[in-house]
>>> print(open('my_file.pdb').read())   # PDB, C-alpha atoms
MODEL        1
ATOM      1  CA  MET A   1     -10.847 -23.801   8.326  1.00  0.00           C
ATOM      2  CA  LYS A   2     -12.970 -21.377   6.321  1.00  0.00           C
ATOM      3  CA  ASP A   3     -11.422 -18.653   4.174  1.00  0.00           C
ATOM      4  CA  LYS A   4      -9.746 -15.778   5.927  1.00  0.00           C
ATOM      5  CA  LYS A   5     -11.341 -12.343   5.678  1.00  0.00           C
ATOM      6  CA  ARG A   6      -9.023  -9.898   3.948  1.00  0.00           C
ATOM      7  CA  LEU A   7      -8.410  -6.464   5.487  1.00  0.00           C
ATOM      8  CA  VAL A   8      -6.662  -3.291   4.388  1.00  0.00           C
ATOM      9  CA  LEU A   9      -5.343  -0.743   6.895  1.00  0.00           C
ATOM     10  CA  ALA A  10      -5.351   2.924   5.830  1.00  0.00           C
ATOM     11  CA  GLU A  11      -3.737   4.996   8.604  1.00  0.00           C
ATOM     12  CA  ASP A  12      -1.124   7.705   8.227  1.00  0.00           C
ATOM     13  CA  HIS A  13       0.398   7.260  11.697  1.00  0.00           C
ATOM     14  CA  THR A  14       2.904   4.423  11.391  1.00  0.00           C
ATOM     15  CA  LEU A  15       2.798   3.431  15.050  1.00  0.00           C
ATOM     16  CA  VAL A  16      -1.020   3.293  15.149  1.00  0.00           C
ATOM     17  CA  ARG A  17      -1.118   1.288  11.910  1.00  0.00           C
ATOM     18  CA  ALA A  18       1.496  -1.136  13.253  1.00  0.00           C
ATOM     19  CA  GLY A  19      -0.484  -1.560  16.472  1.00  0.00           C
ATOM     20  CA  ILE A  20      -3.712  -2.372  14.643  1.00  0.00           C
ATOM     21  CA  PHE A  21      -1.781  -4.710  12.336  1.00  0.00           C
ATOM     22  CA  SER A  22      -0.280  -6.504  15.329  1.00  0.00           C
ATOM     23  CA  LEU A  23      -3.625  -6.918  17.086  1.00  0.00           C
ATOM     24  CA  LEU A  24      -5.586  -8.123  14.070  1.00  0.00           C
ATOM     25  CA  SER A  25      -2.901 -10.376  12.595  1.00  0.00           C
ATOM     26  CA  GLN A  26      -3.166 -12.556  15.719  1.00  0.00           C
ATOM     27  CA  GLU A  27      -6.693 -13.554  14.693  1.00  0.00           C
ATOM     28  CA  PRO A  28      -6.667 -16.840  12.723  1.00  0.00           C
ATOM     29  CA  ASP A  29      -9.620 -15.858  10.516  1.00  0.00           C
ATOM     30  CA  LEU A  30      -8.259 -12.432   9.525  1.00  0.00           C
ATOM     31  CA  GLU A  31      -5.529 -11.529   7.043  1.00  0.00           C
ATOM     32  CA  ILE A  32      -4.002  -8.081   6.581  1.00  0.00           C
ATOM     33  CA  ALA A  33      -3.843  -8.011   2.780  1.00  0.00           C
ATOM     34  CA  GLY A  34      -2.422  -4.497   2.516  1.00  0.00           C
ATOM     35  CA  GLU A  35      -1.705  -1.255   4.274  1.00  0.00           C
ATOM     36  CA  THR A  36      -1.163   2.356   3.342  1.00  0.00           C
ATOM     37  CA  ASP A  37      -0.601   5.766   4.863  1.00  0.00           C
ATOM     38  CA  ASN A  38      -2.803   7.811   2.498  1.00  0.00           C
ATOM     39  CA  GLY A  39      -6.274   7.968   1.028  1.00  0.00           C
ATOM     40  CA  LYS A  40      -5.208   7.831  -2.616  1.00  0.00           C
ATOM     41  CA  ASP A  41      -3.457   4.498  -2.085  1.00  0.00           C
ATOM     42  CA  ALA A  42      -6.423   3.236  -0.050  1.00  0.00           C
ATOM     43  CA  VAL A  43      -8.595   3.674  -3.140  1.00  0.00           C
ATOM     44  CA  ARG A  44      -5.955   1.966  -5.295  1.00  0.00           C
ATOM     45  CA  LEU A  45      -5.601  -0.957  -2.847  1.00  0.00           C
ATOM     46  CA  ALA A  46      -9.369  -1.368  -2.690  1.00  0.00           C
ATOM     47  CA  GLY A  47      -9.405  -2.078  -6.418  1.00  0.00           C
ATOM     48  CA  ALA A  48      -6.234  -4.136  -6.518  1.00  0.00           C
ATOM     49  CA  LEU A  49      -6.953  -6.339  -3.485  1.00  0.00           C
ATOM     50  CA  LEU A  50     -10.769  -6.269  -3.212  1.00  0.00           C
ATOM     51  CA  PRO A  51     -10.647  -6.702   0.580  1.00  0.00           C
ATOM     52  CA  ASP A  52     -13.642  -7.603   2.697  1.00  0.00           C
ATOM     53  CA  LEU A  53     -12.992  -4.657   5.019  1.00  0.00           C
ATOM     54  CA  ILE A  54     -10.947  -1.463   5.065  1.00  0.00           C
ATOM     55  CA  LEU A  55     -10.051   0.143   8.394  1.00  0.00           C
ATOM     56  CA  MET A  56      -9.534   3.822   7.598  1.00  0.00           C
ATOM     57  CA  ASP A  57      -8.514   6.986   9.374  1.00  0.00           C
ATOM     58  CA  LEU A  58     -10.200  10.247   8.373  1.00  0.00           C
ATOM     59  CA  ASN A  59      -7.185  12.561   8.306  1.00  0.00           C
ATOM     60  CA  MET A  60      -4.750  11.292   5.712  1.00  0.00           C
ATOM     61  CA  PRO A  61      -2.607  12.863   3.006  1.00  0.00           C
ATOM     62  CA  GLY A  62      -3.271  12.315  -0.686  1.00  0.00           C
ATOM     63  CA  CYS A  63      -7.010  12.381  -0.319  1.00  0.00           C
ATOM     64  CA  ASN A  64      -8.754  12.451   3.030  1.00  0.00           C
ATOM     65  CA  GLY A  65     -10.842   9.621   4.438  1.00  0.00           C
ATOM     66  CA  LEU A  66     -14.177  11.126   3.369  1.00  0.00           C
ATOM     67  CA  GLU A  67     -13.069  11.405  -0.252  1.00  0.00           C
ATOM     68  CA  ALA A  68     -11.575   7.907  -0.169  1.00  0.00           C
ATOM     69  CA  ILE A  69     -14.779   6.416   1.280  1.00  0.00           C
ATOM     70  CA  SER A  70     -16.892   8.007  -1.467  1.00  0.00           C
ATOM     71  CA  LEU A  71     -14.589   6.823  -4.238  1.00  0.00           C
ATOM     72  CA  ILE A  72     -14.320   3.291  -2.874  1.00  0.00           C
ATOM     73  CA  LYS A  73     -18.059   2.909  -2.309  1.00  0.00           C
ATOM     74  CA  LYS A  74     -18.878   4.177  -5.814  1.00  0.00           C
ATOM     75  CA  ARG A  75     -16.497   1.676  -7.414  1.00  0.00           C
ATOM     76  CA  TYR A  76     -16.711  -1.235  -4.953  1.00  0.00           C
ATOM     77  CA  PRO A  77     -19.926  -1.000  -2.908  1.00  0.00           C
ATOM     78  CA  GLU A  78     -19.433  -4.500  -1.462  1.00  0.00           C
ATOM     79  CA  ILE A  79     -16.280  -3.469   0.435  1.00  0.00           C
ATOM     80  CA  ARG A  80     -17.081  -2.672   4.072  1.00  0.00           C
ATOM     81  CA  ILE A  81     -15.383   0.380   5.634  1.00  0.00           C
ATOM     82  CA  LEU A  82     -14.678   0.928   9.311  1.00  0.00           C
ATOM     83  CA  ILE A  83     -13.549   4.415  10.276  1.00  0.00           C
ATOM     84  CA  VAL A  84     -10.956   4.373  13.059  1.00  0.00           C
ATOM     85  CA  THR A  85     -10.516   7.928  14.294  1.00  0.00           C
ATOM     86  CA  MET A  86     -10.145  10.270  17.246  1.00  0.00           C
ATOM     87  CA  HIS A  87     -12.973  12.548  16.026  1.00  0.00           C
ATOM     88  CA  ARG A  88     -16.026  12.370  18.283  1.00  0.00           C
ATOM     89  CA  SER A  89     -18.213  15.070  16.771  1.00  0.00           C
ATOM     90  CA  GLU A  90     -21.623  14.175  15.446  1.00  0.00           C
ATOM     91  CA  GLU A  91     -20.843  16.013  12.207  1.00  0.00           C
ATOM     92  CA  PHE A  92     -17.860  13.754  11.458  1.00  0.00           C
ATOM     93  CA  VAL A  93     -19.959  10.652  12.137  1.00  0.00           C
ATOM     94  CA  GLN A  94     -22.816  11.839   9.923  1.00  0.00           C
ATOM     95  CA  GLU A  95     -20.498  12.829   7.078  1.00  0.00           C
ATOM     96  CA  THR A  96     -18.689   9.481   7.103  1.00  0.00           C
ATOM     97  CA  LEU A  97     -21.930   7.505   7.191  1.00  0.00           C
ATOM     98  CA  ARG A  98     -23.335   9.616   4.352  1.00  0.00           C
ATOM     99  CA  ALA A  99     -20.147   8.954   2.371  1.00  0.00           C
ATOM    100  CA  GLY A 100     -20.748   5.211   2.774  1.00  0.00           C
ATOM    101  CA  ALA A 101     -18.811   4.086   5.858  1.00  0.00           C
ATOM    102  CA  ASN A 102     -20.305   1.064   7.604  1.00  0.00           C
ATOM    103  CA  GLY A 103     -18.832   1.679  11.039  1.00  0.00           C
ATOM    104  CA  TYR A 104     -17.184   4.263  13.264  1.00  0.00           C
ATOM    105  CA  LEU A 105     -14.656   3.306  15.954  1.00  0.00           C
ATOM    106  CA  LEU A 106     -12.823   5.689  18.253  1.00  0.00           C
ATOM    107  CA  LYS A 107      -9.067   5.269  18.594  1.00  0.00           C
ATOM    108  CA  ASP A 108      -9.368   4.995  22.367  1.00  0.00           C
ATOM    109  CA  ALA A 109     -11.263   1.701  21.936  1.00  0.00           C
ATOM    110  CA  THR A 110     -10.027  -1.486  23.571  1.00  0.00           C
ATOM    111  CA  HIS A 111      -8.698  -4.494  21.683  1.00  0.00           C
ATOM    112  CA  ASP A 112     -11.987  -6.300  22.407  1.00  0.00           C
ATOM    113  CA  GLU A 113     -14.027  -3.427  20.993  1.00  0.00           C
ATOM    114  CA  LEU A 114     -11.845  -3.376  17.864  1.00  0.00           C
ATOM    115  CA  LEU A 115     -12.589  -7.072  17.343  1.00  0.00           C
ATOM    116  CA  VAL A 116     -16.317  -6.564  17.934  1.00  0.00           C
ATOM    117  CA  ALA A 117     -16.358  -3.730  15.378  1.00  0.00           C
ATOM    118  CA  VAL A 118     -14.397  -5.707  12.774  1.00  0.00           C
ATOM    119  CA  ARG A 119     -16.488  -8.847  13.201  1.00  0.00           C
ATOM    120  CA  SER A 120     -19.747  -6.856  13.163  1.00  0.00           C
ATOM    121  CA  LEU A 121     -18.891  -5.258   9.840  1.00  0.00           C
ATOM    122  CA  LEU A 122     -17.700  -8.556   8.371  1.00  0.00           C
ATOM    123  CA  ALA A 123     -21.084 -10.035   9.388  1.00  0.00           C
ATOM    124  CA  GLY A 124     -22.859  -7.310   7.398  1.00  0.00           C
ATOM    125  CA  LYS A 125     -23.826  -5.176  10.382  1.00  0.00           C
ATOM    126  CA  VAL A 126     -23.147  -1.540  11.238  1.00  0.00           C
ATOM    127  CA  TYR A 127     -20.977  -0.594  14.207  1.00  0.00           C
ATOM    128  CA  LEU A 128     -20.733   2.684  16.124  1.00  0.00           C
ATOM    129  CA  SER A 129     -18.591   3.112  19.234  1.00  0.00           C
ATOM    130  CA  PRO A 130     -20.912   3.264  22.274  1.00  0.00           C
ATOM    131  CA  ASP A 131     -19.929   6.868  23.077  1.00  0.00           C
ATOM    132  CA  ILE A 132     -20.670   7.860  19.494  1.00  0.00           C
ATOM    133  CA  SER A 133     -23.974   6.031  19.153  1.00  0.00           C
ATOM    134  CA  ALA A 134     -25.395   7.722  22.257  1.00  0.00           C
ATOM    135  CA  HIS A 135     -24.194  11.112  20.999  1.00  0.00           C
ATOM    136  CA  VAL A 136     -25.670  10.602  17.531  1.00  0.00           C
ATOM    137  CA  LEU A 137     -28.966   9.309  18.900  1.00  0.00           C
ATOM    138  CA  ASN A 138     -29.298  12.275  21.263  1.00  0.00           C
ATOM    139  CA  GLY A 139     -28.607  14.650  18.378  1.00  0.00           C
ATOM    140  CA  PHE A 140     -31.126  12.898  16.155  1.00  0.00           C
ATOM    141  CA  VAL A 141     -33.841  12.918  18.822  1.00  0.00           C
ATOM    142  CA  GLY A 142     -33.048  16.539  19.698  1.00  0.00           C
ATOM    143  CA  ARG A 143     -33.465  17.676  16.102  1.00  0.00           C
ATOM    144  CA  GLY A 144     -36.970  16.276  16.067  1.00  0.00           C
ATOM    145  CA  HIS A 145     -37.970  18.878  18.656  1.00  0.00           C
ATOM    146  CA  ALA A 146     -35.986  21.806  17.304  1.00  0.00           C
ATOM    147  CA  SER A 147     -37.074  24.197  14.601  1.00  0.00           C
ATOM    148  CA  SER A 148     -35.473  23.583  11.227  1.00  0.00           C
ATOM    149  CA  LYS A 149     -32.314  25.470  10.418  1.00  0.00           C
ATOM    150  CA  SER A 150     -32.845  27.893   7.586  1.00  0.00           C
ATOM    151  CA  GLY A 151     -29.249  28.752   6.880  1.00  0.00           C
ATOM    152  CA  GLY A 152     -26.126  29.757   8.664  1.00  0.00           C
ATOM    153  CA  TRP A 153     -23.482  27.505  10.196  1.00  0.00           C
ATOM    154  CA  GLY A 154     -25.847  24.557  10.749  1.00  0.00           C
ATOM    155  CA  SER A 155     -26.761  24.320   7.080  1.00  0.00           C
ATOM    156  CA  LEU A 156     -23.149  23.893   5.935  1.00  0.00           C
ATOM    157  CA  THR A 157     -21.547  20.531   5.285  1.00  0.00           C
ATOM    158  CA  LEU A 158     -18.616  19.414   7.408  1.00  0.00           C
ATOM    159  CA  ARG A 159     -16.184  20.223   4.595  1.00  0.00           C
ATOM    160  CA  GLU A 160     -17.664  23.704   4.104  1.00  0.00           C
ATOM    161  CA  ARG A 161     -17.230  24.415   7.837  1.00  0.00           C
ATOM    162  CA  GLN A 162     -13.623  23.166   7.700  1.00  0.00           C
ATOM    163  CA  VAL A 163     -12.830  25.487   4.795  1.00  0.00           C
ATOM    164  CA  LEU A 164     -14.376  28.475   6.581  1.00  0.00           C
ATOM    165  CA  GLU A 165     -12.498  27.685   9.778  1.00  0.00           C
ATOM    166  CA  LEU A 166      -9.203  27.649   7.866  1.00  0.00           C
TER     167      LEU A 166
ENDMDL
END
>>> encode(input="my_file.pdb", output="structure tokens")
Amino acid sequence: MKDKKRLVLAEDHTLVRAGIFSLLSQEPDLEIAGETDNGKDAVRLAGALLPDLILMDLNMPGCNGLEAISLIKKRYPEIRILIVTMHRSEEFVQETLRAGANGYLLKDATHDELLVAVRSLLAGKVYLSPDISAHVLNGFVGRGHASSKSGGWGSLTLRERQVLEL
């Protein structure tokens, strides 16, 4: 049997993390090498374990998923990152992809979709949940016909909008 692919789970909700662990640990070619409930430890585990793939939530204590993605990709660009989140907005997807994420999976995905996403990223591909990919594509195509935004809300980054909303 060929070498197992090593995964790290970064999810602050214990029950969700345990569920993903349970599903993926049944796969003979996958090994859960580590898990954490915060972004700071996700960055630390990336360096200590050098996994093939990190499954990461966006909202975590310590440092959020976006910050963790950026730090991991700067230090270890070969590590693949799959975002597993409830956030459906195009802005979240764009920000995570810009930060270096290789895939985006919604938490309402099925077990089969989780496996497709994991295996796609491990094969060097990009994965977006079907609902997300259609949404992002429609937004991309729509921007081609719209006039450019010269300021205001649309010109702010996701983080800048979050700060203003708070």
>>> atom_distance(input="my_file.pdb", atom1="CA of Lys4 (chain A)", atom2="CA of Leu105 (chain A)")
22.1 Å
>>> resolve_selection(input="my_file.pdb", expression="the PyMOL selection byres ((chain A and resi 73) around 12)", output="VMD selection string")
chain A and resid 42 to 43 46 to 47 50 53 to 54 65 to 72 74 to 81 96 to 102
>>> closest_residue(input="my_file.pdb", among="A:Asp52, A:Asn38, A:Glu90, A:Pro28", to="Leu121 (chain A)", atoms="only C-alpha atoms")
A:Asp52
>>> closest_residue(input="my_file.pdb", among="A:Leu114, A:Cys63, A:Leu15, A:Leu30", to="Leu128 (chain A)", atoms="only C-alpha atoms")
A:Leu114
>>> atom_distance(input="my_file.pdb", atom1="CA of Gly39 (chain A)", atom2="CA of Asn64 (chain A)")
5.5 Å
>>> resolve_selection(input="my_file.pdb", expression="the PyMOL selection byres ((chain A and resi 85) around 7)", output="ChimeraX atom specification")
/A:57-58,83-84,86-87,105-107
>>> atom_distance(input="my_file.pdb", atom1="CA of Gly34 (chain A)", atom2="CA of Ser22 (chain A)")
13.1 Å
>>> resolve_selection(input="my_file.pdb", expression="the PyMOL selection byres ((chain A and resi 31) around 9)", output="PyMOL selection string")
chain A and resi 4-8+24-25+27-30+32-34
>>> closest_residue(input="my_file.pdb", among="A:Leu23, A:Met56, A:Val163, A:Leu9", to="His111 (chain A)", atoms="all atoms listed in the file")
A:Leu23
>>> axis_aligned_box(input="my_file.pdb", around="region 105-108 of chain A", padding_each_side="3 Å", output="AutoDock Vina command-line options")
--center_x -11.9 --center_y 4.5 --center_z 19.2 --size_x 11.6 --size_y 8.4 --size_z 12.4
>>> closest_residue(input="my_file.pdb", among="A:Val116, A:Leu122, A:Ala134, A:Leu45", to="Ser89 (chain A)", atoms="all atoms listed in the file")
A:Ala134
>>> closest_residue(input="my_file.pdb", among="A:Ala117, A:Phe92, A:Lys40, A:Ala123", to="Thr157 (chain A)", atoms="only C-alpha atoms")
A:Phe92
>>> closest_residue(input="my_file.pdb", among="A:Arg44, A:His13, A:Arg119, A:Arg88", to="Val136 (chain A)", atoms="all atoms listed in the file")
A:Arg88
>>> residues_around(input="my_file.pdb", residues="Leu82 (chain A)", least_positions_apart="6", cutoff="6 Å", atoms="only C-alpha atoms", output="VMD selection string")
chain A and resid 55 102 to 104
>>> decode(input="my_file.pdb", residues="region 99-121 of chain A", atoms="N, CA, C and O atoms", output="PDB file, in the first residue's frame")
ATOM      1  N   ALA A  99      -5.912  34.497  -0.146  1.00  0.00           N
ATOM      2  CA  ALA A  99      -4.975  34.194   0.944  1.00  0.00           C
ATOM      3  C   ALA A  99      -4.160  32.937   0.650  1.00  0.00           C
ATOM      4  O   ALA A  99      -3.121  32.714   1.261  1.00  0.00           O
ATOM      5  N   GLY A 100      -4.652  32.090  -0.274  1.00  0.00           N
ATOM      6  CA  GLY A 100      -3.890  30.903  -0.646  1.00  0.00           C
ATOM      7  C   GLY A 100      -4.612  29.582  -0.482  1.00  0.00           C
ATOM      8  O   GLY A 100      -4.019  28.530  -0.733  1.00  0.00           O
ATOM      9  N   ALA A 101      -5.872  29.605  -0.050  1.00  0.00           N
ATOM     10  CA  ALA A 101      -6.617  28.344   0.089  1.00  0.00           C
ATOM     11  C   ALA A 101      -6.757  27.674  -1.276  1.00  0.00           C
ATOM     12  O   ALA A 101      -6.848  28.341  -2.297  1.00  0.00           O
ATOM     13  N   ASN A 102      -6.775  26.361  -1.266  1.00  0.00           N
ATOM     14  CA  ASN A 102      -6.887  25.584  -2.502  1.00  0.00           C
ATOM     15  C   ASN A 102      -8.285  25.045  -2.732  1.00  0.00           C
ATOM     16  O   ASN A 102      -8.573  24.512  -3.805  1.00  0.00           O
ATOM     17  N   GLY A 103      -9.143  25.137  -1.722  1.00  0.00           N
ATOM     18  CA  GLY A 103     -10.496  24.631  -1.861  1.00  0.00           C
ATOM     19  C   GLY A 103     -11.418  25.241  -0.827  1.00  0.00           C
ATOM     20  O   GLY A 103     -10.969  25.791   0.183  1.00  0.00           O
ATOM     21  N   TYR A 104     -12.713  25.137  -1.104  1.00  0.00           N
ATOM     22  CA  TYR A 104     -13.737  25.755  -0.256  1.00  0.00           C
ATOM     23  C   TYR A 104     -14.925  24.797  -0.198  1.00  0.00           C
ATOM     24  O   TYR A 104     -15.565  24.539  -1.213  1.00  0.00           O
ATOM     25  N   LEU A 105     -15.193  24.254   0.972  1.00  0.00           N
ATOM     26  CA  LEU A 105     -16.258  23.276   1.175  1.00  0.00           C
ATOM     27  C   LEU A 105     -17.227  23.789   2.227  1.00  0.00           C
ATOM     28  O   LEU A 105     -16.803  24.248   3.286  1.00  0.00           O
ATOM     29  N   LEU A 106     -18.508  23.715   1.920  1.00  0.00           N
ATOM     30  CA  LEU A 106     -19.523  24.137   2.884  1.00  0.00           C
ATOM     31  C   LEU A 106     -19.774  23.035   3.901  1.00  0.00           C
ATOM     32  O   LEU A 106     -19.729  21.844   3.564  1.00  0.00           O
ATOM     33  N   LYS A 107     -20.062  23.425   5.127  1.00  0.00           N
ATOM     34  CA  LYS A 107     -20.274  22.453   6.200  1.00  0.00           C
ATOM     35  C   LYS A 107     -21.532  21.620   6.015  1.00  0.00           C
ATOM     36  O   LYS A 107     -21.680  20.605   6.684  1.00  0.00           O
ATOM     37  N   ASP A 108     -22.407  22.005   5.122  1.00  0.00           N
ATOM     38  CA  ASP A 108     -23.592  21.169   4.879  1.00  0.00           C
ATOM     39  C   ASP A 108     -23.335  20.122   3.791  1.00  0.00           C
ATOM     40  O   ASP A 108     -24.251  19.458   3.319  1.00  0.00           O
ATOM     41  N   ALA A 109     -22.077  19.935   3.423  1.00  0.00           N
ATOM     42  CA  ALA A 109     -21.701  18.948   2.406  1.00  0.00           C
ATOM     43  C   ALA A 109     -21.940  17.530   2.923  1.00  0.00           C
ATOM     44  O   ALA A 109     -21.961  17.279   4.126  1.00  0.00           O
ATOM     45  N   THR A 110     -22.092  16.611   1.999  1.00  0.00           N
ATOM     46  CA  THR A 110     -22.238  15.198   2.351  1.00  0.00           C
ATOM     47  C   THR A 110     -20.856  14.578   2.579  1.00  0.00           C
ATOM     48  O   THR A 110     -19.830  15.169   2.218  1.00  0.00           O
ATOM     49  N   HIS A 111     -20.860  13.379   3.134  1.00  0.00           N
ATOM     50  CA  HIS A 111     -19.620  12.638   3.336  1.00  0.00           C
ATOM     51  C   HIS A 111     -18.922  12.423   1.994  1.00  0.00           C
ATOM     52  O   HIS A 111     -17.697  12.587   1.881  1.00  0.00           O
ATOM     53  N   ASP A 112     -19.691  12.066   0.963  1.00  0.00           N
ATOM     54  CA  ASP A 112     -19.111  11.852  -0.369  1.00  0.00           C
ATOM     55  C   ASP A 112     -18.460  13.119  -0.905  1.00  0.00           C
ATOM     56  O   ASP A 112     -17.378  13.071  -1.500  1.00  0.00           O
ATOM     57  N   GLU A 113     -19.111  14.256  -0.711  1.00  0.00           N
ATOM     58  CA  GLU A 113     -18.537  15.512  -1.201  1.00  0.00           C
ATOM     59  C   GLU A 113     -17.255  15.854  -0.434  1.00  0.00           C
ATOM     60  O   GLU A 113     -16.287  16.343  -1.022  1.00  0.00           O
ATOM     61  N   LEU A 114     -17.242  15.586   0.866  1.00  0.00           N
ATOM     62  CA  LEU A 114     -16.025  15.799   1.657  1.00  0.00           C
ATOM     63  C   LEU A 114     -14.867  14.986   1.074  1.00  0.00           C
ATOM     64  O   LEU A 114     -13.762  15.499   0.889  1.00  0.00           O
ATOM     65  N   LEU A 115     -15.135  13.734   0.756  1.00  0.00           N
ATOM     66  CA  LEU A 115     -14.086  12.874   0.183  1.00  0.00           C
ATOM     67  C   LEU A 115     -13.638  13.364  -1.188  1.00  0.00           C
ATOM     68  O   LEU A 115     -12.440  13.350  -1.497  1.00  0.00           O
ATOM     69  N   VAL A 116     -14.580  13.813  -2.004  1.00  0.00           N
ATOM     70  CA  VAL A 116     -14.226  14.348  -3.326  1.00  0.00           C
ATOM     71  C   VAL A 116     -13.334  15.580  -3.155  1.00  0.00           C
ATOM     72  O   VAL A 116     -12.315  15.726  -3.842  1.00  0.00           O
ATOM     73  N   ALA A 117     -13.689  16.460  -2.237  1.00  0.00           N
ATOM     74  CA  ALA A 117     -12.903  17.675  -2.005  1.00  0.00           C
ATOM     75  C   ALA A 117     -11.495  17.327  -1.525  1.00  0.00           C
ATOM     76  O   ALA A 117     -10.499  17.851  -2.046  1.00  0.00           O
ATOM     77  N   VAL A 118     -11.402  16.443  -0.533  1.00  0.00           N
ATOM     78  CA  VAL A 118     -10.102  16.053   0.009  1.00  0.00           C
ATOM     79  C   VAL A 118      -9.240  15.417  -1.073  1.00  0.00           C
ATOM     80  O   VAL A 118      -8.080  15.781  -1.268  1.00  0.00           O
ATOM     81  N   ARG A 119      -9.797  14.479  -1.801  1.00  0.00           N
ATOM     82  CA  ARG A 119      -9.025  13.775  -2.830  1.00  0.00           C
ATOM     83  C   ARG A 119      -8.648  14.701  -3.993  1.00  0.00           C
ATOM     84  O   ARG A 119      -7.568  14.568  -4.575  1.00  0.00           O
ATOM     85  N   SER A 120      -9.521  15.649  -4.323  1.00  0.00           N
ATOM     86  CA  SER A 120      -9.200  16.620  -5.372  1.00  0.00           C
ATOM     87  C   SER A 120      -7.985  17.452  -4.979  1.00  0.00           C
ATOM     88  O   SER A 120      -7.059  17.621  -5.778  1.00  0.00           O
ATOM     89  N   LEU A 121      -7.990  17.968  -3.760  1.00  0.00           N
ATOM     90  CA  LEU A 121      -6.864  18.779  -3.321  1.00  0.00           C
ATOM     91  C   LEU A 121      -5.588  17.965  -3.225  1.00  0.00           C
ATOM     92  O   LEU A 121      -4.516  18.439  -3.607  1.00  0.00           O
TER      93      LEU A 121
END
